[in-house]
file upload_18.txt (compact mmCIF, C-alpha atoms)
# COMPACT_ATOMS: atom_id res chain seq x y z
CA MET A 1 11.90 -83.91 118.92
CA PHE A 2 11.41 -87.62 118.20
CA GLY A 3 8.90 -87.92 121.02
CA MET A 4 6.68 -85.26 119.41
CA VAL A 5 3.14 -86.66 119.42
CA PRO A 6 -0.06 -84.60 119.16
CA PHE A 7 -1.67 -83.84 122.51
CA GLY A 8 -4.18 -86.52 123.46
CA HIS A 9 -3.18 -88.83 120.63
CA SER A 10 -4.67 -92.08 121.85
CA GLU A 11 -7.55 -94.40 121.06
CA ASP A 12 -9.45 -93.04 124.09
CA HIS A 13 -9.49 -89.46 122.82
CA LEU A 14 -13.00 -87.98 123.15
CA PHE A 15 -13.27 -86.98 119.50
CA ARG A 16 -12.39 -90.48 118.32
CA LEU A 17 -14.71 -92.26 120.73
CA TYR A 18 -17.68 -92.40 118.36
CA ASP A 19 -15.63 -93.42 115.33
CA ASN A 20 -13.85 -96.14 117.29
CA PHE A 21 -17.15 -97.41 118.69
CA ALA A 22 -18.73 -97.52 115.24
CA HIS A 23 -15.68 -99.19 113.71
CA ASN A 24 -15.48 -101.82 116.45
CA PHE A 25 -19.24 -102.41 116.37
CA PHE A 26 -19.42 -102.92 112.59
CA HIS A 27 -16.06 -104.68 112.31
CA ASP A 28 -17.30 -107.82 114.01
CA SER A 29 -20.49 -107.91 111.93
CA GLY A 30 -18.64 -107.98 108.62
CA LYS A 31 -20.14 -104.63 107.59
CA THR A 32 -18.08 -101.54 106.95
CA LEU A 33 -18.81 -97.88 107.35
CA PRO A 34 -19.08 -95.83 104.16
CA ASP A 35 -15.94 -94.10 102.92
CA PHE A 36 -17.62 -90.73 103.25
CA ARG A 37 -20.92 -89.63 104.76
CA THR A 38 -23.84 -88.44 102.66
CA ASP A 39 -27.30 -86.96 103.14
CA ILE A 40 -29.95 -87.33 100.43
CA TRP A 41 -33.32 -85.59 100.42
CA ASP A 42 -36.23 -84.94 98.08
CA ASP A 43 -37.00 -81.27 97.34
CA GLY A 44 -40.03 -82.14 95.19
CA GLN A 45 -38.54 -81.65 91.72
CA ALA A 46 -35.16 -83.24 92.39
CA TYR A 47 -33.13 -85.29 94.81
CA VAL A 48 -30.23 -83.51 96.48
CA LEU A 49 -27.19 -85.43 97.67
CA GLU A 50 -24.61 -83.82 99.94
CA ALA A 51 -21.34 -85.65 100.58
CA GLU A 52 -18.73 -84.65 103.16
CA LEU A 53 -15.29 -84.62 101.55
CA PRO A 54 -13.11 -82.56 103.89
CA GLY A 55 -9.50 -82.10 102.86
CA PHE A 56 -10.21 -82.64 99.17
CA LYS A 57 -9.99 -80.06 96.40
CA LYS A 58 -12.54 -79.78 93.62
CA GLU A 59 -9.93 -81.20 91.23
CA ASP A 60 -9.60 -84.33 93.41
CA ILE A 61 -13.26 -85.30 92.90
CA ARG A 62 -14.79 -87.12 89.94
CA LEU A 63 -18.55 -87.38 89.50
CA GLU A 64 -19.96 -89.73 86.87
CA ALA A 65 -23.54 -90.65 85.90
CA ASN A 66 -23.80 -93.72 83.72
CA ASN A 67 -26.40 -96.49 83.24
CA HIS A 68 -28.57 -95.31 86.14
CA MET A 69 -25.61 -95.19 88.54
CA LEU A 70 -24.02 -92.10 90.07
CA THR A 71 -20.43 -92.70 91.14
CA ILE A 72 -18.49 -90.26 93.30
CA THR A 73 -14.73 -90.83 93.45
CA ALA A 74 -12.31 -88.74 95.50
CA ASN A 75 -8.53 -89.19 95.26
CA ARG A 76 -5.91 -87.39 97.33
CA VAL A 77 -2.29 -87.91 96.37
CA GLU A 78 0.34 -88.66 98.97
CA GLN A 79 2.19 -85.79 100.60
CA SER A 80 5.72 -85.01 99.46
CA ALA A 81 8.14 -87.87 100.06
CA HIS A 82 10.96 -85.33 100.39
CA LYS A 83 9.88 -84.32 103.88
CA SER A 84 11.32 -85.92 106.99
CA TYR A 85 8.09 -86.74 108.86
CA ILE A 86 7.96 -87.20 112.60
CA LEU A 87 4.27 -88.13 112.41
CA GLN A 88 2.26 -88.69 109.24
CA GLU A 89 -1.45 -89.45 109.59
CA ARG A 90 -2.59 -87.87 106.31
CA LYS A 91 -1.89 -90.34 103.56
CA ALA A 92 -2.94 -90.83 99.97
CA VAL A 93 -6.55 -91.96 99.92
CA SER A 94 -9.12 -92.96 97.36
CA PHE A 95 -12.83 -93.12 98.16
CA SER A 96 -15.61 -94.22 95.87
CA ARG A 97 -19.35 -94.71 96.34
CA SER A 98 -22.09 -95.47 93.85
CA PHE A 99 -25.79 -94.67 94.06
CA ASP A 100 -28.76 -95.97 92.05
CA ILE A 101 -30.26 -93.03 90.18
CA SER A 102 -33.09 -94.75 88.32
CA GLY A 103 -35.78 -92.18 87.58
CA ILE A 104 -33.25 -89.33 87.37
CA ASP A 105 -32.64 -87.13 84.33
CA GLU A 106 -28.94 -87.96 83.98
CA GLU A 107 -28.39 -85.16 81.45
CA ALA A 108 -29.58 -82.52 83.94
CA VAL A 109 -27.52 -83.57 86.99
CA SER A 110 -25.51 -80.64 88.38
CA ALA A 111 -22.94 -80.36 91.17
CA ALA A 112 -21.11 -77.80 93.30
CA PHE A 113 -18.29 -78.14 95.81
CA GLU A 114 -17.88 -75.68 98.66
CA ASN A 115 -16.26 -75.87 102.11
CA GLY A 116 -15.58 -79.61 101.83
CA VAL A 117 -19.16 -80.52 100.90
CA LEU A 118 -20.13 -81.84 97.47
CA SER A 119 -23.74 -80.99 96.59
CA VAL A 120 -25.35 -82.89 93.70
CA LYS A 121 -28.78 -81.93 92.38
CA MET A 122 -30.50 -84.74 90.48
CA PRO A 123 -33.76 -83.70 88.74
CA LYS A 124 -36.44 -86.36 88.57
CA LEU A 125 -37.60 -87.61 85.19
CA GLN A 126 -40.93 -86.08 84.28
CA ALA A 127 -43.69 -88.66 84.04
CA ALA A 128 -45.04 -88.99 80.53
CA ALA A 129 -48.40 -87.30 80.02
CA ASN A 130 -49.82 -90.55 78.71
CA ALA A 131 -48.18 -92.78 81.31
CA GLY A 132 -50.58 -95.62 80.94
CA LYS A 133 -54.02 -96.76 80.06
CA GLN A 134 -56.67 -98.89 81.58
CA ILE A 135 -57.01 -102.28 80.01
CA GLU A 136 -60.44 -103.78 79.70
CA ILE A 137 -60.82 -107.30 81.01
CA LEU A 138 -62.71 -109.58 78.65

call {"tool": "encode", "arguments": {"input": "upload_18.txt", "output": "structure tokens"}}
result
Amino acid sequence: MFGMVPFGHSEDHLFRLYDNFAHNFFHDSGKTLPDFRTDIWDDGQAYVLEAELPGFKKEDIRLEANNHMLTITANRVEQSAHKSYILQERKAVSFSRSFDISGIDEEAVSAAFENGVLSVKMPKLQAAANAGKQIEIL
């Protein structure tokens, strides 16, 4: 029972190869990988951000728009301490990332969370009809 280790649990496991390569590559350069992966695209009227947050519940995620910054924070509490673990890889974690949202209508930002993916729709500010004028040079 005490020797119970998941099959293929080693640093050479195929599914960990990419993550280990990326971690080792960036580790020496002083850069770090983001806490969670995101995609952002422009749909014309708004920017859409999708963030992978597998293993989190909707209640674990906090989304805040303030002073032209969008901050996504995800917290997962530690598993029960009353269990007698043989192997525990899932621990309490807290991730946070911030994004510059200048030019976004902060009051109209909306979000949904489904199947471990947070989707945030950020409508662009509408340009003022009289956005500028030509200035005559004297």

call {"tool": "residues_around", "arguments": {"input": "upload_18.txt", "residues": "A:Glu78", "least_positions_apart": "6", "cutoff": "8 Å", "atoms": "all atoms listed in the file", "output": "mmCIF file with C-alpha atoms, keeping the file's coordinate frame"}}
result
data_model
loop_
_atom_site.group_PDB
_atom_site.id
_atom_site.type_symbol
_atom_site.label_atom_id
_atom_site.label_comp_id
_atom_site.auth_asym_id
_atom_site.auth_seq_id
_atom_site.Cartn_x
_atom_site.Cartn_y
_atom_site.Cartn_z
ATOM 1 C CA ARG A 90 -2.590 -87.870 106.310
ATOM 2 C CA LYS A 91 -1.890 -90.340 103.560
ATOM 3 C CA ALA A 92 -2.940 -90.830 99.970
ATOM 4 C CA VAL A 93 -6.550 -91.960 99.920
#

call {"tool": "closest_residue", "arguments": {"input": "upload_18.txt", "among": "A:Asp35, A:Glu114, A:Glu52, A:Glu106", "to": "A:His68", "atoms": "only C-alpha atoms"}}
result
A:Glu106

call {"tool": "residues_around", "arguments": {"input": "upload_18.txt", "residues": "stretch 95-103 of chain A", "least_positions_apart": "4", "cutoff": "8 Å", "atoms": "only C-alpha atoms", "output": "PyMOL selection string"}}
result
chain A and resi 34-36+68-75+124-125

call {"tool": "closest_residue", "arguments": {"input": "upload_18.txt", "among": "A:Val77, A:Ile137, A:Ala112, A:Val48", "to": "A:Leu63", "atoms": "all atoms listed in the file"}}
result
A:Ala112

call {"tool": "closest_residue", "arguments": {"input": "upload_18.txt", "among": "A:Asn115, A:Ser84, A:Gln126, A:Gln134", "to": "A:Phe56", "atoms": "only C-alpha atoms"}}
result
A:Asn115

call {"tool": "closest_residue", "arguments": {"input": "upload_18.txt", "among": "A:Asp105, A:Leu118, A:Arg76, A:Asn67", "to": "A:Leu53", "atoms": "only C-alpha atoms"}}
result
A:Leu118

call {"tool": "atom_distance", "arguments": {"input": "upload_18.txt", "atom1": "atom CA of A:Glu89", "atom2": "atom CA of A:Asp60"}}
result
18.8 Å

call {"tool": "atom_distance", "arguments": {"input": "upload_18.txt", "atom1": "atom CA of A:Ala51", "atom2": "atom CA of A:Ser119"}}
result
6.6 Å

call {"tool": "atom_distance", "arguments": {"input": "upload_18.txt", "atom1": "atom CA of A:Lys121", "atom2": "atom CA of A:Leu49"}}
result
6.5 Å

call {"tool": "closest_residue", "arguments": {"input": "upload_18.txt", "among": "A:Gln45, A:Leu87, A:Ile104, A:Thr38", "to": "A:Asn66", "atoms": "only C-alpha atoms"}}
result
A:Ile104

call {"tool": "closest_residue", "arguments": {"input": "upload_18.txt", "among": "A:Glu107, A:Glu64, A:Glu136, A:Glu50", "to": "A:Pro123", "atoms": "only C-alpha atoms"}}
result
A:Glu107

call {"tool": "decode", "arguments": {"input": "upload_18.txt", "residues": "stretch 49-69 of chain A", "atoms": "N, CA and C atoms", "output": "short mmCIF file (atom, residue, chain, number, x, y, z; two decimals), in the first residue's frame"}}
result
data_model
loop_
_atom_site.label_atom_id
_atom_site.label_comp_id
_atom_site.auth_asym_id
_atom_site.auth_seq_id
_atom_site.Cartn_x
_atom_site.Cartn_y
_atom_site.Cartn_z
N LEU A 49 -11.87 37.08 -23.92
CA LEU A 49 -10.77 36.42 -23.24
C LEU A 49 -11.29 35.08 -22.73
N GLU A 50 -10.57 34.01 -23.02
CA GLU A 50 -10.90 32.70 -22.48
C GLU A 50 -9.71 32.22 -21.67
N ALA A 51 -9.97 31.82 -20.43
CA ALA A 51 -8.92 31.36 -19.52
C ALA A 51 -9.22 29.94 -19.08
N GLU A 52 -8.22 29.07 -19.19
CA GLU A 52 -8.36 27.69 -18.73
C GLU A 52 -8.16 27.63 -17.23
N LEU A 53 -9.19 27.18 -16.52
CA LEU A 53 -9.13 27.04 -15.07
C LEU A 53 -9.70 25.69 -14.66
N PRO A 54 -9.09 24.60 -15.13
CA PRO A 54 -9.62 23.28 -14.80
C PRO A 54 -9.49 22.99 -13.31
N GLY A 55 -10.47 22.31 -12.77
CA GLY A 55 -10.45 21.93 -11.36
C GLY A 55 -11.00 22.99 -10.44
N PHE A 56 -11.35 24.14 -10.97
CA PHE A 56 -11.93 25.20 -10.15
C PHE A 56 -13.44 25.21 -10.31
N LYS A 57 -14.12 25.69 -9.28
CA LYS A 57 -15.56 25.92 -9.34
C LYS A 57 -15.79 27.40 -9.58
N LYS A 58 -16.97 27.72 -10.06
CA LYS A 58 -17.32 29.12 -10.32
C LYS A 58 -17.11 29.97 -9.06
N GLU A 59 -17.42 29.40 -7.90
CA GLU A 59 -17.28 30.13 -6.64
C GLU A 59 -15.83 30.39 -6.26
N ASP A 60 -14.89 29.67 -6.86
CA ASP A 60 -13.47 29.82 -6.57
C ASP A 60 -12.83 30.98 -7.34
N ILE A 61 -13.57 31.56 -8.28
CA ILE A 61 -13.00 32.53 -9.21
C ILE A 61 -13.54 33.93 -8.91
N ARG A 62 -12.63 34.89 -8.91
CA ARG A 62 -13.02 36.29 -8.70
C ARG A 62 -12.53 37.09 -9.91
N LEU A 63 -13.42 37.88 -10.46
CA LEU A 63 -13.13 38.70 -11.64
C LEU A 63 -13.39 40.14 -11.27
N GLU A 64 -12.40 41.01 -11.47
CA GLU A 64 -12.53 42.40 -11.05
C GLU A 64 -11.98 43.33 -12.12
N ALA A 65 -12.77 44.35 -12.49
CA ALA A 65 -12.34 45.38 -13.43
C ALA A 65 -12.26 46.69 -12.66
N ASN A 66 -11.06 47.28 -12.65
CA ASN A 66 -10.86 48.49 -11.87
C ASN A 66 -9.68 49.27 -12.45
N ASN A 67 -9.88 50.57 -12.68
CA ASN A 67 -8.81 51.45 -13.18
C ASN A 67 -8.11 50.88 -14.41
N HIS A 68 -8.88 50.46 -15.37
CA HIS A 68 -8.37 49.96 -16.65
C HIS A 68 -7.56 48.67 -16.51
N MET A 69 -7.80 47.92 -15.45
CA MET A 69 -7.15 46.62 -15.25
C MET A 69 -8.21 45.57 -14.97
#
